[in-house]
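Chemist: Once you've had a glance at the structure underneath, I'll fire off some questions.
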Amino acid sequence: MNKTIRRASVFALLLVLALLVRATWVQFYDGKALADDNDNRRNAIETYSRPLGNIIVAGNAITGSARTRGSDLAYRRTYTDGRLYAAVTGYASQAYAPTQLEGIYHDLLNGTDTKLKTVLDTVTGKRADPGDVLTTIDPAVQKAAYRALGDNKGAAVALDPRTGRILAVVSTPSYDPAALTDADTAGAAWKRLTADKGKPLTNRALRQPLPPGSTFKLVVAAAALEDGLYRNVDEHTDSPDPYTLPGTVQELRNENRSAPCRDASIRVALQYSCNNVFGHMAVQLGQDKVRAMAEKFGFNDDRRDVPVRTYASVYPTGMDKAQTALSGIGQFDVTATPLQMAMVSATIANGGKLVSPHMVSRITDSGGDVVKDYDDDAGTEEVIGSATAEQLRSAMETVVKEGTGTNALIDGVTVGGKTGTAQHGENNSKTPYAWFTSYGRSDGDGKEVAVAVMVEQSDAARSEVSGNGLAAPVARAMMRAALK
């Protein structure tokens with residue numbers, strides 16, 4: 001064979017090898033990428049070729065599937081009480097990516113999750129029957145929160161302190177997920193919802209951290225007791241009134257100018273929500289100690305899944321002493337979600353131990369067999385000592401019996417709470433946020449619940465915006481429903 005023919009043969013062989021490599025790449029890599037592409041309509045056709053699995057609340061499906069007409073997508077998602085449960089379910093849409101539990105368990109609900117496959121399914125490539133998602137939501141508590149929030153813009157969360165089970169997740173204004181399920185009509189609904197100034201698609205309960213105001217004083221009090229700055233909640237503090245912010249001429253005053261806040265004990269300071277006490281206390285402790293305690297409660301954690309990924313509640317870094325003082329009353333750059341503040345009350349109620357919050361108890365296959373049990377996997381962390389927790393419970397109960405949280409009182413229930421009215425806008429130029437976080441324990445059977453409520457905006461006059469006036473009644477309705 002002469003040199004020219006040999007070179008041509010080698011070149012042809014290289015071309016064949018290149019074609020084989022490219023064909024293999026397309027088949028096994030690009031092919032999978034194309035198959036998984038959200039714009040590949042075949043995926044949507046396959047997903048909606050049969051009914052989806054369901055999301056379950058207290059044994060009842062709050063989702064379903066309906067047959068479509070004149071579409072290559074044979075079924076569409078349906079919802080029972082969609083507005084009530086939107087912050088839990090999210091939506092499964094023929095046009096948009098699924099959200100909340102619908103998104104997290106998308107593969108389980110459409111039958112493509114590998115955990116659902118039998119050996120025969122794996123061999124044949126057959127799609128498994130879809131599974132179900134069983135939530136921890138208590139419909140009575142969910143309804144109580146939704147009704148009590150009413151037309152207000154806000155959110156509420158309820159937890160079982162002993163198990164970490166989330167009993168309610170409500171965000172208002174809400175929306176009907178069914179409006180987004182049909183590909184033919186979803187576009188118009190999407191434009192309407194995203195243009196709505198009330199931002200109904202925002203899950204305020206889990207994914208909108210805002211200044212928590214005076215509810216954060218519980219974290220500062222916990223830090224002071226754990227650090228030994230003060231021995232108990234009845235020891236007098238070193239707290240000038242008014243308190244001048246370090247390095248400034250600005251005085252940190254109290255909402256109630258006649259309240260006995262000078263050198264007040266932690267109990268009295270929580271009862272009257274004394275800004276001077278907790279501003280000065282934060283400076284005495286230093287930002288590092290306050291931050292350490294806040295992080296033990298769950299702040300600055302951007303990887304918390306319930307199983308929905310929550311937005312991190314933030315205790316900032318790099319503050320000067322004046323800013324540290326403001327952080328001690330839940331202002332400056334401190335932010336929290338209602339879930340986070342419910343976790344604070346749940347930890348205090350549970351003797352200082354935080355059980356990981358979760359709103360799915362288990363997922364099952366089509367036959368009802370458990371695929372994963374989340375109740376068994378809920379971890380527990382010791383945040384504060386039991387003695388500190390007992391001290392704080394006693395002080396929180398004083399807040400409700402004799403202080404700023406009297407609207408949360410319930411006959412036959414021991415209630416402890418903390419109000420908060422957080423400044424909003426430069427120089428507090430906008431309507432403040434009203435907060436309330438609390439726990440309730442039935443005097444009869446000892447059953448417990450922890451809640452947090454945030455009212456972002458209401459029709460109340462500015463002078464009437466307070467944690468006790470707007471948020472505490474919502475918390476009371478939720479606790480009553482949980483402990484009935």
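Each chain of the structure tokens is named A, B, ... in the order shown, its residues numbered from 1; ligands are numbered from 1 in display order.
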Would you return as a ChimeraX atom specification the members of segment 204-402 of chain A that DSSP assigns to alpha helix (DSSP H) on this structure's backbone?
Modeler: /A:204-207,217-227,266-272,275-285,287-297,321-327,338-349,374-377,386-402
Chemist: What parts of segment 176-397 of chain A does DSSP call strand (DSSP E or B)? I'd like the answer as an MDAnalysis selection string.
Modeler: chainID A and resid 210 236 243:244 251:252 265 305 309 314 335:336 353:355 358 360:364 370:373 380:382
Chemist: Store the residues of this selection in a file with C-alpha atoms, as a PDB file, in the first residue's frame.
Modeler:
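The resulting file, part.pdb, is reproduced below:
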```
ATOM      1  CA  LEU A 210     -38.755  41.006  57.695  1.00  0.00           C
ATOM      2  CA  HIS A 236     -32.669  44.009  88.073  1.00  0.00           C
ATOM      3  CA  TYR A 243     -30.661  54.803  76.720  1.00  0.00           C
ATOM      4  CA  THR A 244     -28.343  56.829  74.505  1.00  0.00           C
ATOM      5  CA  GLU A 251     -31.857  58.190  72.577  1.00  0.00           C
ATOM      6  CA  LEU A 252     -33.470  54.777  72.386  1.00  0.00           C
ATOM      7  CA  SER A 265     -35.740  42.979  85.203  1.00  0.00           C
ATOM      8  CA  ASP A 305     -35.531  22.644  54.277  1.00  0.00           C
ATOM      9  CA  ARG A 309     -36.128  25.606  51.189  1.00  0.00           C
ATOM     10  CA  VAL A 314     -30.526  37.143  59.408  1.00  0.00           C
ATOM     11  CA  THR A 335     -34.767  39.930  59.719  1.00  0.00           C
ATOM     12  CA  ALA A 336     -36.860  36.844  60.420  1.00  0.00           C
ATOM     13  CA  LYS A 353     -34.666  21.844  72.604  1.00  0.00           C
ATOM     14  CA  LEU A 354     -35.445  22.563  68.960  1.00  0.00           C
ATOM     15  CA  VAL A 355     -36.937  19.701  66.949  1.00  0.00           C
ATOM     16  CA  HIS A 358     -41.107  19.707  58.840  1.00  0.00           C
ATOM     17  CA  VAL A 360     -44.302  16.331  55.420  1.00  0.00           C
ATOM     18  CA  SER A 361     -44.722  13.332  57.699  1.00  0.00           C
ATOM     19  CA  ARG A 362     -44.020  10.684  55.051  1.00  0.00           C
ATOM     20  CA  ILE A 363     -44.170   9.875  51.371  1.00  0.00           C
ATOM     21  CA  THR A 364     -45.719   6.646  50.106  1.00  0.00           C
ATOM     22  CA  VAL A 370     -43.915   4.186  53.212  1.00  0.00           C
ATOM     23  CA  VAL A 371     -41.051   5.319  50.997  1.00  0.00           C
ATOM     24  CA  LYS A 372     -39.615   7.736  53.577  1.00  0.00           C
ATOM     25  CA  ASP A 373     -40.738   8.720  57.093  1.00  0.00           C
ATOM     26  CA  THR A 380     -33.240  17.603  67.896  1.00  0.00           C
ATOM     27  CA  GLU A 381     -30.763  20.288  68.972  1.00  0.00           C
ATOM     28  CA  GLU A 382     -30.277  21.748  72.447  1.00  0.00           C
TER      29      GLU A 382
END
```
Chemist: Pick the closest to Ala282 of chain A from A:Ala221, A:Ala349, A:Met478, A:Ala312: which is it, counting only C-alpha atoms?
Modeler: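 Going through A:Ala221, A:Ala349, A:Met478, A:Ala312 one by one, the smallest distance to Ala282 of chain A is for A:Ala221.
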Chemist: Could you pull the residues within 12 Å of Asp238 of chain A, counting only C-alpha atoms, minus those fewer than 2 positions along the same chain, as a list of chain:residue names?
Modeler: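 Close residues of Asp238 of chain A: A:Leu229, A:Tyr230, A:Glu235, A:His236, A:Pro240, A:Asp241, A:Tyr243, A:Cys261, A:Arg262, A:Asp263, A:Ala264, A:Ser265, A:Ile266, A:Ala269, A:Asn276, A:Val277, A:Phe278, A:Gly279, A:His280, A:Met281, A:Ala282, A:Val283, A:Gln284.
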Chemist: Enumerate, in order of chain and increasing residue number, the residues of segment 198-278 of chain A with an atom no farther than 8 Å from segment 142-159 of chain A, each with its shortest atom pair and distance in Å to one decimal, counting only C-alpha atoms, as a tab-separated table.
Modeler:
```
residue	atom	partner	partner_atom	distance
A:Gly198	CA	A:Lys153	CA	7.3
A:Arg204	CA	A:Ala155	CA	5.6
A:Ala205	CA	A:Ala155	CA	5.0
```
Chemist: Residues within 10 Å of segment 404-412 of chain A, please, as an MDAnalysis selection string. Count only C-alpha atoms; anything in the same chain fewer than 5 positions from it doesn't count.
Modeler: chainID A and resid 270:273 396:399 417:420 436:444 466:477 479:480 483:484
Chemist: Calculate how many Å separate atom CA of Met293 of chain A from atom CA of Ser394 of chain A, rounding to one decimal.
Modeler: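 Atom-to-atom, atom CA of Met293 of chain A and atom CA of Ser394 of chain A are spaced 19.7 Å apart.
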Chemist: Which one is closest to Phe299 of chain A: A:Pro357, A:Gly103, A:Pro316, A:Pro200? Count only C-alpha atoms.
Modeler: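 When distances to Phe299 of chain A are compared using only C-alpha atoms, the smallest one comes from A:Pro316.
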Chemist: With distances taken over only C-alpha atoms, which of A:Arg76, A:Ala128, A:Glu402, A:Leu180 is nearest to Ala97 of chain A?
Modeler: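 Among A:Arg76, A:Ala128, A:Glu402, A:Leu180, it is A:Leu180 that comes nearest to Ala97 of chain A.
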Chemist: Just the number, please: distance in Å from atom CA of Asp176 of chain A to atom CA of Trp435 of chain A, one decimal.
Modeler: 26.2 Å
Chemist: Per residue of segment 151-249 of chain A within 7 Å of segment 85-88 of chain A, record the nearest atom pair and its distance in Å to one decimal, counting only C-alpha atoms, with rows in chain order and ascending residue number, as CSV.
Modeler:
```
residue,atom,partner,partner_atom,distance
A:Val169,CA,A:Ala87,CA,6.3
A:Val170,CA,A:Ala87,CA,5.9
A:Ser171,CA,A:Ala87,CA,6.1
A:Ser174,CA,A:Ala86,CA,6.8
A:Tyr175,CA,A:Ala86,CA,6.7
A:Asp176,CA,A:Ala86,CA,6.9
A:Pro177,CA,A:Ala86,CA,6.4
A:Asn203,CA,A:Ala87,CA,5.9
```
Chemist: Create the file for the chosen residues now, containing C-alpha atoms and written as a PDB file, in the first residue's frame.
Modeler:
```pdb
ATOM      1  CA  VAL A 169     -48.448  27.501  56.932  1.00  0.00           C
ATOM      2  CA  VAL A 170     -50.545  30.443  55.731  1.00  0.00           C
ATOM      3  CA  SER A 171     -49.627  33.428  53.578  1.00  0.00           C
ATOM      4  CA  SER A 174     -53.326  33.926  48.690  1.00  0.00           C
ATOM      5  CA  TYR A 175     -54.152  32.642  45.211  1.00  0.00           C
ATOM      6  CA  ASP A 176     -55.869  29.672  43.599  1.00  0.00           C
ATOM      7  CA  PRO A 177     -53.229  27.270  42.190  1.00  0.00           C
ATOM      8  CA  ASN A 203     -44.795  32.619  50.518  1.00  0.00           C
TER       9      ASN A 203
END
```
Chemist: Show me, as a VMD selection string, the residues that have an atom within 6 Å of Gly330 of chain A when counting only C-alpha atoms, minus same-chain residues fewer than 6 positions from it.
Modeler: chain A and resid 212 to 214 216
Chemist: Using only C-alpha atoms, which residue out of A:Gly328, A:Pro130, A:Pro211, A:Gly385 lies closest to Glu456 of chain A?
Modeler: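 Once distances to Glu456 of chain A are computed over only C-alpha atoms, the minimum belongs to A:Pro211.
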